[in-house]
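Asks: Structure supplied as structure.cif; contents: mmCIF, C-alpha atoms and all ligand atoms.
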```cif
data_final
#
loop_
_atom_site.label_atom_id
_atom_site.label_comp_id
_atom_site.auth_asym_id
_atom_site.auth_seq_id
_atom_site.Cartn_x
_atom_site.Cartn_y
_atom_site.Cartn_z
CA MET A 1 26.47 13.37 2.10
CA ILE A 2 24.00 14.22 4.86
CA LYS A 3 22.97 12.59 8.11
CA THR A 4 19.42 11.36 8.71
CA LYS A 5 17.57 9.69 11.57
CA ALA A 6 16.08 6.42 10.28
CA ALA A 7 14.40 3.22 11.50
CA VAL A 8 16.70 0.35 10.46
CA LEU A 9 15.53 -3.28 10.30
CA TYR A 10 18.40 -5.67 11.07
CA GLU A 11 16.52 -8.96 11.38
CA SER A 12 13.12 -10.24 10.28
CA GLY A 13 10.95 -12.54 12.37
CA LEU A 14 11.69 -11.24 15.89
CA SER A 15 9.09 -12.13 18.51
CA MET A 16 6.16 -9.89 19.33
CA PRO A 17 5.41 -7.51 20.90
CA TYR A 18 7.74 -5.32 18.85
CA ALA A 19 7.58 -2.68 21.57
CA LYS A 20 9.83 -5.11 23.45
CA SER A 21 11.92 -6.87 20.75
CA LYS A 22 12.37 -3.59 18.79
CA PRO A 23 13.06 -4.93 15.26
CA LEU A 24 13.37 -1.32 14.04
CA LYS A 25 16.30 0.54 15.58
CA ILE A 26 16.16 4.31 15.46
CA GLU A 27 19.63 5.55 14.56
CA GLU A 28 21.56 8.10 12.59
CA VAL A 29 22.74 6.93 9.15
CA ASN A 30 24.37 8.71 6.22
CA LEU A 31 22.71 9.45 2.91
CA ARG A 32 25.04 9.58 -0.09
CA ASP A 33 24.45 12.33 -2.65
CA PRO A 34 21.61 11.87 -5.16
CA GLU A 35 22.74 10.60 -8.59
CA SER A 36 21.87 12.35 -11.84
CA ASP A 37 18.19 11.39 -11.99
CA GLU A 38 17.48 11.25 -8.27
CA LEU A 39 15.89 13.52 -5.67
CA LEU A 40 16.72 14.22 -2.05
CA ILE A 41 13.42 14.28 -0.20
CA LYS A 42 12.56 15.65 3.23
CA VAL A 43 9.98 13.10 4.38
CA ARG A 44 6.95 14.70 6.07
CA ALA A 45 4.58 11.73 6.48
CA VAL A 46 4.87 7.98 5.92
CA GLY A 47 2.19 5.34 6.46
CA LEU A 48 2.58 1.93 8.10
CA CYS A 49 1.48 -0.63 5.49
CA HIS A 50 1.02 -4.37 5.93
CA SER A 51 3.69 -4.85 3.24
CA ASP A 52 6.22 -3.30 5.67
CA LEU A 53 4.92 -5.57 8.45
CA SER A 54 5.36 -8.62 6.17
CA VAL A 55 9.08 -7.83 5.93
CA ILE A 56 9.37 -7.29 9.68
CA ASN A 57 7.55 -10.53 10.60
CA GLY A 58 9.40 -12.56 7.95
CA ASN A 59 6.43 -13.38 5.67
CA ARG A 60 8.13 -11.62 2.76
CA PRO A 61 11.83 -11.55 3.61
CA ARG A 62 14.09 -8.85 2.17
CA GLN A 63 17.77 -8.00 2.43
CA THR A 64 18.92 -6.57 5.77
CA PRO A 65 19.86 -4.14 7.13
CA MET A 66 17.12 -2.18 5.39
CA VAL A 67 15.14 1.01 5.96
CA LEU A 68 11.46 0.19 5.22
CA GLY A 69 8.59 2.60 4.49
CA HIS A 70 7.01 3.20 1.09
CA GLU A 71 3.88 5.37 1.52
CA VAL A 72 5.53 8.77 1.63
CA SER A 73 4.81 12.43 1.12
CA GLY A 74 7.56 15.00 1.31
CA VAL A 75 9.37 17.97 -0.14
CA VAL A 76 12.20 17.97 -2.70
CA LYS A 77 15.34 19.41 -1.09
CA ALA A 78 17.94 18.72 -3.79
CA ILE A 79 17.98 17.32 -7.32
CA GLY A 80 20.51 15.37 -9.40
CA ASP A 81 22.31 16.96 -12.36
CA HIS A 82 19.93 15.65 -15.04
CA VAL A 83 16.61 16.24 -13.32
CA THR A 84 14.32 18.48 -15.36
CA ASP A 85 10.77 17.67 -14.21
CA PHE A 86 11.19 18.39 -10.48
CA GLU A 87 12.59 21.37 -8.63
CA VAL A 88 13.58 22.15 -5.07
CA GLY A 89 10.45 22.91 -3.04
CA ASP A 90 8.14 20.59 -5.02
CA HIS A 91 5.80 18.44 -2.93
CA ILE A 92 5.81 14.80 -3.93
CA VAL A 93 4.17 11.46 -3.23
CA THR A 94 6.19 8.28 -3.76
CA SER A 95 5.32 5.33 -5.95
CA PHE A 96 6.66 1.99 -4.71
CA ILE A 97 7.47 0.51 -8.12
CA PRO A 98 9.94 2.68 -10.02
CA ASN A 99 8.78 2.86 -13.64
CA CYS A 100 11.66 3.03 -16.09
CA GLY A 101 9.48 4.14 -18.99
CA GLN A 102 11.53 2.00 -21.42
CA CYS A 103 10.64 -1.66 -20.82
CA LEU A 104 7.75 -3.44 -22.56
CA PRO A 105 5.23 -3.23 -19.67
CA CYS A 106 6.05 0.49 -19.23
CA LYS A 107 5.52 1.04 -22.95
CA GLU A 108 2.27 -0.91 -22.78
CA GLY A 109 0.99 1.46 -20.11
CA ARG A 110 1.43 -0.99 -17.24
CA PRO A 111 4.17 0.59 -15.10
CA ALA A 112 3.18 -1.56 -12.10
CA LEU A 113 4.87 -4.40 -14.00
CA CYS A 114 8.06 -2.45 -14.85
CA GLU A 115 10.78 -5.07 -15.26
CA PRO A 116 13.88 -3.10 -14.16
CA GLY A 117 11.68 -1.69 -11.36
CA ALA A 118 10.83 -5.18 -10.09
CA GLU A 119 14.45 -6.26 -10.42
CA ALA A 120 15.72 -3.31 -8.37
CA ASN A 121 12.97 -3.78 -5.76
CA ASN A 122 13.82 -7.48 -5.39
CA ALA A 123 17.52 -6.66 -5.05
CA GLY A 124 16.85 -3.92 -2.48
CA THR A 125 18.67 -1.34 -4.61
CA MET A 126 17.90 1.91 -6.38
CA LEU A 127 16.51 1.73 -9.95
CA SER A 128 19.91 2.76 -11.29
CA GLY A 129 21.59 0.15 -9.07
CA GLY A 130 23.61 0.79 -5.94
CA LEU A 131 22.61 1.98 -2.51
CA ARG A 132 22.32 5.44 -1.04
CA ILE A 133 22.16 4.73 2.71
CA GLU A 134 25.20 3.79 4.77
CA HIS A 135 26.23 3.39 8.38
CA ALA A 136 28.83 5.69 9.91
CA ASP A 137 31.51 3.05 9.13
CA GLY A 138 30.58 3.16 5.42
CA SER A 139 28.76 -0.23 5.37
CA ASP A 140 25.67 -0.51 3.15
CA VAL A 141 22.01 -0.34 4.16
CA TYR A 142 19.45 -1.67 1.62
CA THR A 143 16.64 0.35 0.09
CA HIS A 144 13.02 -0.74 0.45
CA ILE A 145 11.22 -0.73 -2.93
CA GLY A 146 13.09 2.38 -4.03
CA ILE A 147 11.87 4.57 -1.18
CA SER A 148 13.03 3.79 2.40
CA GLY A 149 10.71 6.36 3.92
CA PHE A 150 11.04 5.57 7.62
CA SER A 151 13.68 8.29 7.71
CA GLU A 152 13.81 12.08 8.01
CA TYR A 153 15.38 12.27 4.54
CA SER A 154 15.39 9.86 1.63
CA ILE A 155 16.90 9.60 -1.83
CA ILE A 156 14.54 8.40 -4.53
CA SER A 157 14.60 8.08 -8.31
CA THR A 158 12.48 10.57 -10.22
CA LYS A 159 10.75 7.40 -11.50
CA SER A 160 9.52 6.76 -7.94
CA ALA A 161 8.00 10.22 -7.46
CA VAL A 162 4.83 12.06 -8.48
CA LYS A 163 4.57 15.83 -8.11
CA ILE A 164 1.43 16.95 -6.25
CA ASP A 165 -0.36 20.20 -5.36
CA ARG A 166 1.26 22.02 -2.45
CA ASP A 167 -2.01 22.56 -0.58
CA VAL A 168 -2.63 18.90 0.29
CA PRO A 169 -1.76 18.20 3.96
CA PHE A 170 1.19 15.80 4.12
CA HIS A 171 -0.55 13.17 6.25
CA HIS A 172 -3.35 12.98 3.69
CA ALA A 173 -1.01 13.08 0.70
CA ALA A 174 1.09 10.13 1.91
CA LEU A 175 -1.90 7.77 1.66
CA PHE A 176 -1.94 8.26 -2.11
CA GLY A 177 1.48 6.60 -2.28
CA CYS A 178 0.12 3.16 -1.46
CA ALA A 179 -3.29 2.65 0.19
CA VAL A 180 -5.32 4.86 -2.15
CA ILE A 181 -3.80 3.85 -5.47
CA THR A 182 -3.81 0.17 -4.48
CA GLY A 183 -7.40 0.08 -3.17
CA LEU A 184 -9.10 2.55 -5.48
CA GLY A 185 -7.04 1.37 -8.45
CA ALA A 186 -8.13 -2.26 -7.92
CA VAL A 187 -11.73 -1.17 -8.40
CA ILE A 188 -11.29 1.41 -11.15
CA ASN A 189 -8.36 0.04 -13.17
CA THR A 190 -8.10 -3.68 -12.46
CA ALA A 191 -11.80 -4.58 -12.25
CA GLU A 192 -13.15 -1.66 -14.29
CA MET A 193 -16.22 -2.01 -12.10
CA LYS A 194 -19.57 -1.22 -13.71
CA PRO A 195 -22.07 1.07 -11.93
CA GLY A 196 -25.08 -0.64 -10.36
CA THR A 197 -23.26 -3.88 -9.60
CA ASP A 198 -22.74 -5.53 -6.21
CA VAL A 199 -19.31 -5.51 -4.60
CA ALA A 200 -17.63 -7.14 -1.61
CA VAL A 201 -14.40 -6.09 0.07
CA VAL A 202 -12.71 -8.78 2.17
CA GLY A 203 -10.15 -7.28 4.57
CA LEU A 204 -10.74 -3.72 5.74
CA GLY A 205 -7.27 -2.30 6.33
CA GLY A 206 -5.80 0.70 4.54
CA ILE A 207 -6.14 -1.03 1.15
CA GLY A 208 -9.61 -2.49 1.70
CA MET A 209 -11.15 0.75 2.99
CA ASN A 210 -9.93 2.47 -0.16
CA ALA A 211 -11.46 -0.29 -2.30
CA LEU A 212 -14.70 0.38 -0.42
CA LEU A 213 -14.51 4.12 -1.17
CA GLY A 214 -13.65 3.28 -4.78
CA ALA A 215 -16.68 1.00 -5.14
CA GLN A 216 -18.88 3.77 -3.75
CA LEU A 217 -17.40 6.30 -6.15
CA ALA A 218 -17.83 3.93 -9.10
CA GLY A 219 -21.53 3.50 -8.28
CA ALA A 220 -21.84 0.12 -6.60
CA ARG A 221 -25.34 -0.90 -5.50
CA GLU A 222 -24.43 -3.17 -2.59
CA ILE A 223 -21.08 -2.84 -0.83
CA ILE A 224 -20.53 -5.84 1.43
CA ALA A 225 -17.69 -5.28 3.91
CA VAL A 226 -16.03 -8.36 5.43
CA ASP A 227 -13.38 -8.54 8.16
CA VAL A 228 -12.58 -10.58 11.26
CA ASN A 229 -12.50 -7.45 13.38
CA GLU A 230 -15.72 -5.83 14.66
CA SER A 231 -14.25 -2.33 14.91
CA LYS A 232 -13.35 -2.46 11.19
CA LEU A 233 -16.91 -3.49 10.36
CA GLU A 234 -18.29 -0.55 12.34
CA HIS A 235 -16.01 1.87 10.53
CA ALA A 236 -16.94 0.37 7.14
CA LYS A 237 -20.60 1.06 7.91
CA GLU A 238 -19.77 4.69 8.66
CA LEU A 239 -17.94 4.90 5.33
CA GLY A 240 -20.89 3.58 3.35
CA ALA A 241 -20.89 -0.23 3.42
CA THR A 242 -24.48 -1.40 2.90
CA ALA A 243 -23.93 -4.63 4.88
CA VAL A 244 -21.12 -6.02 7.03
CA PHE A 245 -20.18 -9.61 7.86
CA ASN A 246 -17.67 -11.02 10.32
CA ALA A 247 -15.57 -13.61 8.46
CA SER A 248 -14.80 -15.51 11.65
CA GLU A 249 -18.47 -16.49 12.12
CA GLU A 250 -19.86 -19.83 10.89
CA GLY A 251 -21.74 -19.87 7.60
CA VAL A 252 -20.71 -16.37 6.55
CA VAL A 253 -20.26 -17.32 2.89
CA GLU A 254 -23.76 -18.80 2.67
CA ARG A 255 -25.25 -15.73 4.37
CA ILE A 256 -23.52 -13.33 1.97
CA ARG A 257 -24.59 -15.41 -1.05
CA GLU A 258 -28.14 -15.40 0.24
CA TYR A 259 -28.10 -11.65 1.01
CA THR A 260 -26.89 -10.89 -2.53
CA ASN A 261 -29.08 -13.45 -4.32
CA GLY A 262 -26.20 -15.62 -5.46
CA GLY A 263 -23.10 -13.59 -4.74
CA VAL A 264 -21.47 -10.31 -5.74
CA HIS A 265 -20.30 -9.24 -9.19
CA TYR A 266 -16.90 -8.20 -7.86
CA ALA A 267 -15.10 -9.36 -4.72
CA PHE A 268 -11.87 -7.66 -3.67
CA GLU A 269 -9.44 -9.61 -1.47
CA THR A 270 -7.50 -7.01 0.49
CA ALA A 271 -6.40 -8.95 3.57
CA GLY A 272 -3.41 -10.81 2.13
CA VAL A 273 -4.28 -14.24 3.55
CA VAL A 274 -5.56 -17.35 1.75
CA PRO A 275 -8.73 -17.76 3.89
CA ALA A 276 -9.77 -14.24 2.82
CA MET A 277 -9.12 -15.15 -0.84
CA LYS A 278 -11.30 -18.25 -0.38
CA THR A 279 -14.08 -16.12 1.08
CA ALA A 280 -13.77 -13.59 -1.75
CA TYR A 281 -13.86 -16.28 -4.45
CA THR A 282 -16.81 -18.15 -2.99
CA ILE A 283 -18.95 -15.04 -2.50
CA THR A 284 -18.43 -13.98 -6.13
CA ARG A 285 -21.46 -14.78 -8.27
CA ARG A 286 -21.50 -16.81 -11.50
CA GLY A 287 -19.81 -14.72 -14.20
CA GLY A 288 -18.23 -12.52 -11.55
CA MET A 289 -14.70 -11.30 -10.92
CA THR A 290 -12.48 -11.89 -7.90
CA VAL A 291 -9.62 -9.40 -7.61
CA THR A 292 -6.76 -9.87 -5.18
CA SER A 293 -4.42 -7.14 -3.96
CA GLY A 294 -3.17 -9.28 -1.07
CA LEU A 295 0.50 -10.21 -0.79
CA PRO A 296 0.63 -13.33 1.39
CA ASP A 297 3.70 -15.40 2.26
CA PRO A 298 5.09 -16.58 -1.13
CA LYS A 299 4.75 -20.22 0.01
CA GLU A 300 0.96 -19.92 0.40
CA GLU A 301 -1.22 -21.34 -2.38
CA PHE A 302 -4.85 -20.73 -3.24
CA SER A 303 -6.83 -23.46 -5.02
CA PHE A 304 -10.30 -23.60 -6.55
CA PRO A 305 -12.33 -26.10 -8.59
CA GLN A 306 -11.31 -25.54 -12.20
CA VAL A 307 -14.69 -26.59 -13.53
CA GLY A 308 -16.36 -23.67 -11.77
CA LEU A 309 -14.00 -21.20 -13.38
CA THR A 310 -15.06 -22.54 -16.78
CA ALA A 311 -18.71 -23.38 -16.36
CA GLU A 312 -19.45 -20.24 -14.33
CA GLU A 313 -17.28 -18.00 -16.52
CA ARG A 314 -15.46 -16.55 -13.57
CA THR A 315 -12.42 -14.27 -13.60
CA ILE A 316 -9.60 -14.06 -11.07
CA LYS A 317 -7.32 -11.04 -11.38
CA GLY A 318 -4.26 -9.86 -9.54
CA SER A 319 -3.89 -6.16 -8.87
CA TYR A 320 -0.47 -4.67 -8.17
CA LEU A 321 -0.24 -0.94 -7.40
CA GLY A 322 -3.96 -0.96 -8.31
CA SER A 323 -2.90 -1.42 -11.97
CA CYS A 324 -2.28 2.34 -11.79
CA VAL A 325 -0.23 4.71 -13.86
CA PRO A 326 0.83 6.79 -10.84
CA MET A 327 1.62 9.97 -12.82
CA ARG A 328 -1.88 9.85 -14.28
CA ASP A 329 -3.83 8.49 -11.32
CA VAL A 330 -2.33 10.15 -8.22
CA PRO A 331 -3.27 13.69 -9.40
CA ARG A 332 -6.73 12.43 -10.42
CA TYR A 333 -7.40 10.76 -7.11
CA ILE A 334 -6.11 13.81 -5.22
CA SER A 335 -8.59 15.96 -7.17
CA LEU A 336 -11.41 13.63 -6.17
CA PHE A 337 -10.30 14.00 -2.55
CA LYS A 338 -10.25 17.79 -2.81
CA GLN A 339 -13.74 17.75 -4.32
CA GLY A 340 -14.96 15.78 -1.29
CA LYS A 341 -15.71 12.64 -3.31
CA LEU A 342 -13.03 10.53 -1.67
CA PRO A 343 -12.98 11.01 2.12
CA ILE A 344 -9.58 9.42 2.72
CA ASP A 345 -9.05 11.79 5.66
CA GLN A 346 -11.39 9.42 7.53
CA LEU A 347 -8.98 6.52 7.03
CA ILE A 348 -6.16 7.86 9.20
CA GLY A 349 -5.72 6.52 12.71
CA GLU A 350 -2.89 7.38 15.03
CA ARG A 351 -0.27 9.94 14.00
CA ILE A 352 3.00 9.00 15.68
CA THR A 353 6.71 9.86 15.79
CA LEU A 354 9.50 7.70 14.34
CA GLU A 355 10.45 6.71 17.90
CA GLU A 356 7.01 5.07 18.34
CA ILE A 357 7.21 2.98 15.19
CA ASN A 358 7.69 -0.45 16.81
CA GLU A 359 4.55 0.07 18.90
CA GLY A 360 2.82 1.21 15.70
CA PHE A 361 3.56 -2.12 14.02
CA ASP A 362 2.20 -3.99 17.08
CA ARG A 363 -1.05 -2.13 16.56
CA LEU A 364 -1.10 -2.76 12.82
CA HIS A 365 -0.67 -6.47 13.60
CA GLU A 366 -3.63 -6.37 16.03
CA GLY A 367 -5.72 -5.15 13.09
CA LYS A 368 -7.81 -2.63 15.00
CA SER A 369 -6.27 0.70 14.01
CA GLN A 370 -6.94 2.80 10.96
CA ARG A 371 -3.87 3.70 8.87
CA ILE A 372 -1.08 4.69 11.27
CA MET A 373 1.05 7.58 10.06
CA VAL A 374 4.56 8.59 11.14
CA GLU A 375 5.06 12.34 10.81
CA PHE A 376 8.20 14.47 10.76
CA PRO A 377 8.32 18.16 11.61
CA GLU A 378 9.31 20.61 8.88
N1 LIG B 1 -1.18 -5.16 -4.43
C1 LIG B 1 -0.47 -4.15 -3.98
O1 LIG B 1 0.06 -3.36 -4.75
C2 LIG B 1 -0.36 -3.94 -2.51
C3 LIG B 1 -0.01 -2.68 -1.98
C4 LIG B 1 0.00 -2.51 -0.60
C5 LIG B 1 -0.35 -3.55 0.23
N2 LIG B 1 -0.66 -4.76 -0.32
C6 LIG B 1 -1.07 -5.92 0.51
O2 LIG B 1 -2.45 -5.77 0.78
C7 LIG B 1 -2.77 -6.44 2.00
C8 LIG B 1 -3.51 -5.50 2.93
O3 LIG B 1 -2.66 -4.43 3.34
P1 LIG B 1 -3.13 -3.38 4.46
O4 LIG B 1 -1.98 -2.48 4.71
O5 LIG B 1 -4.44 -2.84 4.10
O6 LIG B 1 -3.29 -4.40 5.70
P2 LIG B 1 -4.00 -4.23 7.13
O7 LIG B 1 -3.25 -5.09 8.06
O8 LIG B 1 -4.18 -2.78 7.45
O9 LIG B 1 -5.46 -4.82 6.86
C9 LIG B 1 -5.74 -6.18 6.68
C10 LIG B 1 -7.16 -6.41 7.15
O10 LIG B 1 -7.54 -7.75 6.83
C11 LIG B 1 -8.29 -8.28 7.91
N3 LIG B 1 -8.29 -9.75 7.83
C12 LIG B 1 -7.34 -10.61 8.24
N4 LIG B 1 -7.73 -11.89 7.98
C13 LIG B 1 -8.94 -11.82 7.39
C14 LIG B 1 -9.86 -12.79 6.89
N5 LIG B 1 -9.58 -14.09 6.94
N6 LIG B 1 -11.02 -12.35 6.34
C15 LIG B 1 -11.30 -11.04 6.28
N7 LIG B 1 -10.47 -10.06 6.74
C16 LIG B 1 -9.30 -10.46 7.29
C17 LIG B 1 -7.62 -7.69 9.14
O11 LIG B 1 -8.46 -7.74 10.28
C18 LIG B 1 -7.33 -6.27 8.68
O12 LIG B 1 -8.42 -5.41 8.96
C19 LIG B 1 -1.43 -6.95 2.54
O13 LIG B 1 -1.25 -8.29 2.09
C20 LIG B 1 -0.43 -6.03 1.87
O14 LIG B 1 0.87 -6.61 1.78
C21 LIG B 1 -0.69 -4.96 -1.65
ZN ZN B 2 1.92 -0.50 0.90
ZN ZN B 3 9.77 -0.20 -17.09
#
```
Any chance you could put this one into structure tokens?

Replies:
Amino acid sequence: MIKTKAAVLYESGLSMPYAKSKPLKIEEVNLRDPESDELLIKVRAVGLCHSDLSVINGNRPRQTPMVLGHEVSGVVKAIGDHVTDFEVGDHIVTSFIPNCGQCLPCKEGRPALCEPGAEANNAGTMLSGGLRIEHADGSDVYTHIGISGFSEYSIISTKSAVKIDRDVPFHHAALFGCAVITGLGAVINTAEMKPGTDVAVVGLGGIGMNALLGAQLAGAREIIAVDVNESKLEHAKELGATAVFNASEEGVVERIREYTNGGVHYAFETAGVVPAMKTAYTITRRGGMTVTSGLPDPKEEFSFPQVGLTAEERTIKGSYLGSCVPMRDVPRYISLFKQGKLPIDQLIGERITLEEINEGFDRLHEGKSQRIMVEFPE
């Protein structure tokens, strides 16, 4: 057992600003020893994702107390008895859906849909069951999607880890754990976008900006960037968007349809709200595909005229973990980054300490920052 400083969520839905209500309490907790197929990780960088914010604000409630954080890079410090494919000193990136390798979706090459992985994530436990974090009095703290990275140290299953090259800076590497695979994967794996087509990205956070970079890499002709926030639109232009539109303005759908002569071939919804999904669907052209990576409140519903789906031969697709196979795709995407084809270093905003994390979530909520990264010293 070791001690670690962590940010613990005790209650969802506290009032904003979080700088004042402090939903995340920084405290020392205990980490139990890793089990046979688990790793003890020294966390070096962890991103603030909207999926963490959705637990904090109560849109997607989880068990509490819980340590959130799922976009992690770090170093292996200890391994369980049966671990063969990792060793102490390895650098890793986490994957937020443990893939068991045995269930039908895993065997079909769709680890994002791993059934025991989803079950463990929904229960707030490790893949092998049980919990690894506890308070000083021995009481349990839940695990967030197998990772719980808002902590100096973390215990993760080997099925939640991908080994990476040691020369990638940690604050860059962490992004590959969620934002890059989700955004880039939506374009490359889920949509299988064809070169020369027109694309729109609706919602320009960490996920959406990576979808934009993915569309560029895959050879899009037009890349239409849509957000409600002007600073995001400016940044999208710098990253290669060919046109930008503010979704809060009147008539934006008609203007985009006019600009693209009838709509885009592929629209990616990466905001996680139903109005953005509506925008994405209605700016997709006849025969086009609307892909959503957003995770809104489970009570929210999106509707569309069924006749249009049929008569216009449209497709709507969900994209979880960018339909990625993390062990295959993380190393590939890191290579693209190293070759200068994927400038994800331009997607990082503030780099903060664990103590500043509540303020960080206030800024994520405002929607103006680039990806905010918590870093830990060696
Ligand atoms: N599918 C997955 O595997 C997966 C993985 C990670 C995150 N997510 C989800 O993806 C979504 C985005 O995550 P993020 O971390 O990039 O969020 P973020 O908060 O960084 O970005 C969201 C962006 O959407 C914009 N936006 C809000 N309403 C809009 C509207 N009506 N039209 C256009 N833009 C709008 C915001 O201004 C912001 O720039 C969230 O729902 C998150 O839970 C999904
Ligand atoms: Zn995420
Ligand atoms: Zn599985």

Asks: Neighbouring residues of range 277-289 of chain A were defined as those with any atom within 7 Å, considering all atoms listed in the file; residues of the same chain fewer than 5 positions away were excluded. Please report them as a short mmCIF file (atom, residue, chain, number, x, y, z; two decimals) with C-alpha atoms, keeping the file's coordinate frame.

Replies:
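So the final result, stored in result_23.cif, reads:
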```
data_model
loop_
_atom_site.label_atom_id
_atom_site.label_comp_id
_atom_site.auth_asym_id
_atom_site.auth_seq_id
_atom_site.Cartn_x
_atom_site.Cartn_y
_atom_site.Cartn_z
CA VAL A 202 -12.71 -8.78 2.17
CA VAL A 253 -20.26 -17.32 2.89
CA ILE A 256 -23.52 -13.33 1.97
CA ARG A 257 -24.59 -15.41 -1.05
CA GLY A 262 -26.20 -15.62 -5.46
CA GLY A 263 -23.10 -13.59 -4.74
CA VAL A 264 -21.47 -10.31 -5.74
CA HIS A 265 -20.30 -9.24 -9.19
CA TYR A 266 -16.90 -8.20 -7.86
CA ALA A 267 -15.10 -9.36 -4.72
CA PHE A 268 -11.87 -7.66 -3.67
CA GLU A 269 -9.44 -9.61 -1.47
CA GLU A 312 -19.45 -20.24 -14.33
CA GLU A 313 -17.28 -18.00 -16.52
CA ARG A 314 -15.46 -16.55 -13.57
CA THR A 315 -12.42 -14.27 -13.60
CA ILE A 316 -9.60 -14.06 -11.07
#
```

Asks: Dump the neighbourhood of ligand ZN 3 (chain B) as an MDAnalysis selection string: all residues within 12 Å, distances computed on only C-alpha atoms and all ligand atoms.

Replies: chainID A and resid 97:120 127 159:160 325

Asks: Could the residues in this selection be written to a file with C-alpha atoms, as a PDB file, keeping the file's coordinate frame?

Replies:
```pdb
ATOM      1  CA  ILE A  97       7.470   0.510  -8.120  1.00  0.00           C
ATOM      2  CA  PRO A  98       9.940   2.680 -10.020  1.00  0.00           C
ATOM      3  CA  ASN A  99       8.780   2.860 -13.640  1.00  0.00           C
ATOM      4  CA  CYS A 100      11.660   3.030 -16.090  1.00  0.00           C
ATOM      5  CA  GLY A 101       9.480   4.140 -18.990  1.00  0.00           C
ATOM      6  CA  GLN A 102      11.530   2.000 -21.420  1.00  0.00           C
ATOM      7  CA  CYS A 103      10.640  -1.660 -20.820  1.00  0.00           C
ATOM      8  CA  LEU A 104       7.750  -3.440 -22.560  1.00  0.00           C
ATOM      9  CA  PRO A 105       5.230  -3.230 -19.670  1.00  0.00           C
ATOM     10  CA  CYS A 106       6.050   0.490 -19.230  1.00  0.00           C
ATOM     11  CA  LYS A 107       5.520   1.040 -22.950  1.00  0.00           C
ATOM     12  CA  GLU A 108       2.270  -0.910 -22.780  1.00  0.00           C
ATOM     13  CA  GLY A 109       0.990   1.460 -20.110  1.00  0.00           C
ATOM     14  CA  ARG A 110       1.430  -0.990 -17.240  1.00  0.00           C
ATOM     15  CA  PRO A 111       4.170   0.590 -15.100  1.00  0.00           C
ATOM     16  CA  ALA A 112       3.180  -1.560 -12.100  1.00  0.00           C
ATOM     17  CA  LEU A 113       4.870  -4.400 -14.000  1.00  0.00           C
ATOM     18  CA  CYS A 114       8.060  -2.450 -14.850  1.00  0.00           C
ATOM     19  CA  GLU A 115      10.780  -5.070 -15.260  1.00  0.00           C
ATOM     20  CA  PRO A 116      13.880  -3.100 -14.160  1.00  0.00           C
ATOM     21  CA  GLY A 117      11.680  -1.690 -11.360  1.00  0.00           C
ATOM     22  CA  ALA A 118      10.830  -5.180 -10.090  1.00  0.00           C
ATOM     23  CA  GLU A 119      14.450  -6.260 -10.420  1.00  0.00           C
ATOM     24  CA  ALA A 120      15.720  -3.310  -8.370  1.00  0.00           C
ATOM     25  CA  LEU A 127      16.510   1.730  -9.950  1.00  0.00           C
ATOM     26  CA  LYS A 159      10.750   7.400 -11.500  1.00  0.00           C
ATOM     27  CA  SER A 160       9.520   6.760  -7.940  1.00  0.00           C
ATOM     28  CA  VAL A 325      -0.230   4.710 -13.860  1.00  0.00           C
TER      29      VAL A 325
END
```

Asks: Near range 214-218 of chain A, counting all atoms listed in the file, which residues have an atom at most 12 Å away, once you skip same-chain residues fewer than 4 positions from it, shown as a compact mmCIF listing (two decimals) with C-alpha atoms, in the frame of the given file?

Replies:
```
# COMPACT_ATOMS: atom_id res chain seq x y z
CA ALA A 179 -3.29 2.65 0.19
CA VAL A 180 -5.32 4.86 -2.15
CA ILE A 181 -3.80 3.85 -5.47
CA THR A 182 -3.81 0.17 -4.48
CA GLY A 183 -7.40 0.08 -3.17
CA LEU A 184 -9.10 2.55 -5.48
CA GLY A 185 -7.04 1.37 -8.45
CA ALA A 186 -8.13 -2.26 -7.92
CA VAL A 187 -11.73 -1.17 -8.40
CA ILE A 188 -11.29 1.41 -11.15
CA ASN A 189 -8.36 0.04 -13.17
CA THR A 190 -8.10 -3.68 -12.46
CA ALA A 191 -11.80 -4.58 -12.25
CA GLU A 192 -13.15 -1.66 -14.29
CA MET A 193 -16.22 -2.01 -12.10
CA LYS A 194 -19.57 -1.22 -13.71
CA PRO A 195 -22.07 1.07 -11.93
CA GLY A 196 -25.08 -0.64 -10.36
CA THR A 197 -23.26 -3.88 -9.60
CA ASP A 198 -22.74 -5.53 -6.21
CA VAL A 199 -19.31 -5.51 -4.60
CA ALA A 200 -17.63 -7.14 -1.61
CA VAL A 201 -14.40 -6.09 0.07
CA ILE A 207 -6.14 -1.03 1.15
CA GLY A 208 -9.61 -2.49 1.70
CA MET A 209 -11.15 0.75 2.99
CA ASN A 210 -9.93 2.47 -0.16
CA GLU A 222 -24.43 -3.17 -2.59
CA ILE A 223 -21.08 -2.84 -0.83
CA ILE A 224 -20.53 -5.84 1.43
CA ALA A 225 -17.69 -5.28 3.91
CA ALA A 236 -16.94 0.37 7.14
CA LEU A 239 -17.94 4.90 5.33
CA GLY A 240 -20.89 3.58 3.35
CA ALA A 241 -20.89 -0.23 3.42
CA THR A 242 -24.48 -1.40 2.90
CA HIS A 265 -20.30 -9.24 -9.19
CA TYR A 266 -16.90 -8.20 -7.86
CA ALA A 267 -15.10 -9.36 -4.72
CA PHE A 268 -11.87 -7.66 -3.67
CA GLY A 322 -3.96 -0.96 -8.31
CA TYR A 333 -7.40 10.76 -7.11
CA LEU A 336 -11.41 13.63 -6.17
CA PHE A 337 -10.30 14.00 -2.55
CA GLY A 340 -14.96 15.78 -1.29
CA LYS A 341 -15.71 12.64 -3.31
CA LEU A 342 -13.03 10.53 -1.67
CA PRO A 343 -12.98 11.01 2.12
CA ILE A 344 -9.58 9.42 2.72
```
